[in-house]
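All remarks here apply to the structure that follows.
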Amino acid sequence: TGTVYAEQGKDIASVDCASGDSFVIDPKLQLTMESIFVPEPVISMSINPVNSKDRDNFAKAIARFTKEDPTFRYTYDTDVKETLVSGMGELHLEIYAQRMEREYNCPVVLGKPKVAFRETITTPFSFDYFHKKQHGGQGQYARVIGILEPLPPHQNTVIEFKDETAGPNLPKTYVPSVKKGFEFMCEKGWLSGSRLSGLKMRLQDGAHHPVDSSDLAFNLATQGALRQAFEEGSWQILEPIMLVEASAPSEFQGAVISMISKRNGIMVSQEGTTDWFTLYAEVPLNTMFGFVGELRSLTQGKGEYSMEYARYSPCMPDVQDKLIQAHQESQGLLPEQKKRKN
């Protein structure tokens, strides 16, 4: 034991810690420290070990990498039955795939990247949903009344719930169940199966029964209200927009600008000298796959780029239509014309 200063090299073994942890000398020291900001992942890819016998090493690698890097996430999608890793970009995930093979002797296959789309409502929707079931004995009785409304553009990555009820119609003890039902339905949208965001639920009134009302009944009533909003409300898909910084020799400036325009990018600004230029643009993440390869090809390997998350913005109509169609096909909800052809 003893004090180790920064300039003294010393190995510390068997210390169970994660990214963001702090070390102090006095264990009795009372400190409150602000946690680090961890941005939400903007890209997901399917991942699987090449050899099934490597699953133990694969699990060890995932456990270590997710602990040391809070922006690297690992989930299992029960809907599409595949394992997903999420991070801050295509290169971010590729580096971890390489480390798994190099450090854990576990080669993996990364599938086509999946962008973290979101769904939101475009206009306020008033709901009044009554849930009632009676099967002998205690039944289910709940009614929820309120408004679903879009949040401002700068809040389109979050959801909010506000209890505006007053009076005895809806006891406060059932409000948490209404909130849980709302949060549950926000996990999967109606258009593309993406999570809901930029949405606020204002619970204004309701009704209960002294015998048949329960937490489950109000949870199910809220789910029914959201399904009604999916069917009758106006919704749109949001996609992540990235702030892209690209640099290359000035002779390739026109080609790089043209490449960004083809990817539906919007120029923000540019600067440079007689020999080199740097441009800044906002580009949908969905169009950025393969960007680095094309950039290097156009600039004879001299071009460089970086990107960071900027905001979520509504999709182009053609992109939204493709996402809706792909989701319908995955769920077996094909249009009648296609069913007849088959």
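Chain identifiers are assigned as A, B, and so on, following the order in which chains appear in the structure tokens; residues are numbered from 1 within each chain, and ligands are numbered from 1 in order of appearance.
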Non-local contacts of A:Lys172 (12 Å; only C-alpha atoms; under 4 positions in same chain excluded) as an NGL selection string: :A and (163-168 or 176-179 or 203-208 or 215 or 218)
For A:Tyr309: contacts at 9 Å, only C-alpha atoms, fewer than 4 positions along chain excluded, given as a PyMOL selection string: chain A and resi 39+42+88+240-244+285
Same residues, C-alpha atoms, output as a compact mmCIF listing (two decimals), in the first residue's frame:
```txt
# COMPACT_ATOMS: atom_id res chain seq x y z
CA PRO A 39 -24.25 10.30 -26.48
CA VAL A 42 -26.44 6.45 -34.09
CA MET A 88 -21.00 6.20 -33.05
CA PRO A 240 -30.06 11.10 -37.72
CA ILE A 241 -28.24 13.92 -39.48
CA MET A 242 -24.45 14.02 -39.20
CA LEU A 243 -22.14 17.02 -39.34
CA VAL A 244 -19.45 15.89 -41.80
CA LEU A 285 -26.39 9.02 -41.76
```
What lies within 12 Å of A:Glu294 using only C-alpha atoms, ignoring chain neighbours under 6 positions off, as an mmCIF file with N, CA, C and O atoms, in the first residue's frame?
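Saved as out_8.cif:
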```cif
data_model
loop_
_atom_site.group_PDB
_atom_site.id
_atom_site.type_symbol
_atom_site.label_atom_id
_atom_site.label_comp_id
_atom_site.auth_asym_id
_atom_site.auth_seq_id
_atom_site.Cartn_x
_atom_site.Cartn_y
_atom_site.Cartn_z
ATOM 1 N N ALA A 255 -15.284 17.414 -57.110
ATOM 2 C CA ALA A 255 -15.721 16.021 -57.032
ATOM 3 C C ALA A 255 -16.269 15.687 -55.655
ATOM 4 O O ALA A 255 -17.278 14.963 -55.529
ATOM 5 N N VAL A 256 -15.644 16.227 -54.596
ATOM 6 C CA VAL A 256 -16.106 15.946 -53.233
ATOM 7 C C VAL A 256 -17.456 16.609 -52.977
ATOM 8 O O VAL A 256 -18.358 16.009 -52.390
ATOM 9 N N SER A 258 -19.712 17.306 -55.221
ATOM 10 C CA SER A 258 -20.697 16.547 -55.987
ATOM 11 C C SER A 258 -21.078 15.255 -55.271
ATOM 12 O O SER A 258 -22.262 14.879 -55.243
ATOM 13 N N MET A 259 -20.103 14.594 -54.659
ATOM 14 C CA MET A 259 -20.361 13.350 -53.950
ATOM 15 C C MET A 259 -21.281 13.592 -52.752
ATOM 16 O O MET A 259 -22.210 12.808 -52.495
ATOM 17 N N ILE A 260 -21.070 14.676 -52.037
ATOM 18 C CA ILE A 260 -21.913 14.987 -50.875
ATOM 19 C C ILE A 260 -23.325 15.350 -51.331
ATOM 20 O O ILE A 260 -24.314 14.978 -50.701
ATOM 21 N N LYS A 262 -24.875 14.184 -53.927
ATOM 22 C CA LYS A 262 -25.567 12.940 -54.306
ATOM 23 C C LYS A 262 -26.111 12.200 -53.092
ATOM 24 O O LYS A 262 -27.055 11.418 -53.199
ATOM 25 N N ARG A 263 -25.503 12.459 -51.936
ATOM 26 C CA ARG A 263 -25.939 11.795 -50.707
ATOM 27 C C ARG A 263 -26.911 12.674 -49.912
ATOM 28 O O ARG A 263 -27.056 12.518 -48.698
ATOM 29 N N MET A 288 -24.466 7.694 -45.599
ATOM 30 C CA MET A 288 -23.025 7.823 -45.367
ATOM 31 C C MET A 288 -22.268 6.506 -45.468
ATOM 32 O O MET A 288 -21.037 6.501 -45.432
ATOM 33 N N GLN A 300 -7.561 10.036 -54.711
ATOM 34 C CA GLN A 300 -6.316 9.273 -54.804
ATOM 35 C C GLN A 300 -5.758 8.922 -53.424
ATOM 36 O O GLN A 300 -4.551 8.946 -53.185
ATOM 37 N N GLY A 301 -6.658 8.641 -52.501
ATOM 38 C CA GLY A 301 -6.252 8.236 -51.160
ATOM 39 C C GLY A 301 -5.848 9.371 -50.246
ATOM 40 O O GLY A 301 -5.419 9.128 -49.106
ATOM 41 N N LYS A 302 -6.002 10.610 -50.686
ATOM 42 C CA LYS A 302 -5.550 11.756 -49.883
ATOM 43 C C LYS A 302 -6.654 12.385 -49.044
ATOM 44 O O LYS A 302 -6.393 13.182 -48.154
ATOM 45 N N GLY A 303 -7.892 12.056 -49.335
ATOM 46 C CA GLY A 303 -9.009 12.669 -48.619
ATOM 47 C C GLY A 303 -9.214 12.082 -47.230
ATOM 48 O O GLY A 303 -8.962 10.908 -46.989
ATOM 49 N N GLU A 304 -9.664 12.927 -46.301
ATOM 50 C CA GLU A 304 -9.959 12.508 -44.945
ATOM 51 C C GLU A 304 -11.307 13.074 -44.535
ATOM 52 O O GLU A 304 -11.749 14.096 -45.064
ATOM 53 N N TYR A 305 -11.949 12.404 -43.591
ATOM 54 C CA TYR A 305 -13.226 12.946 -43.109
ATOM 55 C C TYR A 305 -13.482 12.511 -41.681
ATOM 56 O O TYR A 305 -12.893 11.536 -41.185
#
```
Selection: 12 Å around stretch 30-38 of chain A, only C-alpha atoms, excl. self and same-chain fewer than 3 positions, as a ChimeraX atom specification: /A:19-27,41,69-73,87-88
Best match for closeness to A:Asp54 among A:Gln98, A:Asn105, A:Ser313, A:Gln270, counting only C-alpha atoms: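 The shortest atom-to-atom distance to A:Asp54 comes from A:Asn105.
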Best match for closeness to A:Ile147 among A:Arg202, A:His135, A:Lys162, A:Arg99, counting only C-alpha atoms: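 When distances to A:Ile147 are compared using only C-alpha atoms, the smallest one comes from A:Arg202.
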Nearest-residue call for A:Ile145, choices A:Gly224, A:Lys133, A:Pro107, A:Ala97, using only C-alpha atoms: A:Gly224
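For the choices A:Glu94, A:Lys53, A:Glu187, A:Leu151, the atom-to-atom distance to A:Asp77 is smallest for A:Glu187 when using only C-alpha atoms.
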Given only C-alpha atoms as the counted atoms, nearest of A:Val292, A:Ala221, A:Ala281, A:Leu191 to A:Gln320: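 Ranking A:Val292, A:Ala221, A:Ala281, A:Leu191 by distance to A:Gln320, first place goes to A:Leu191.
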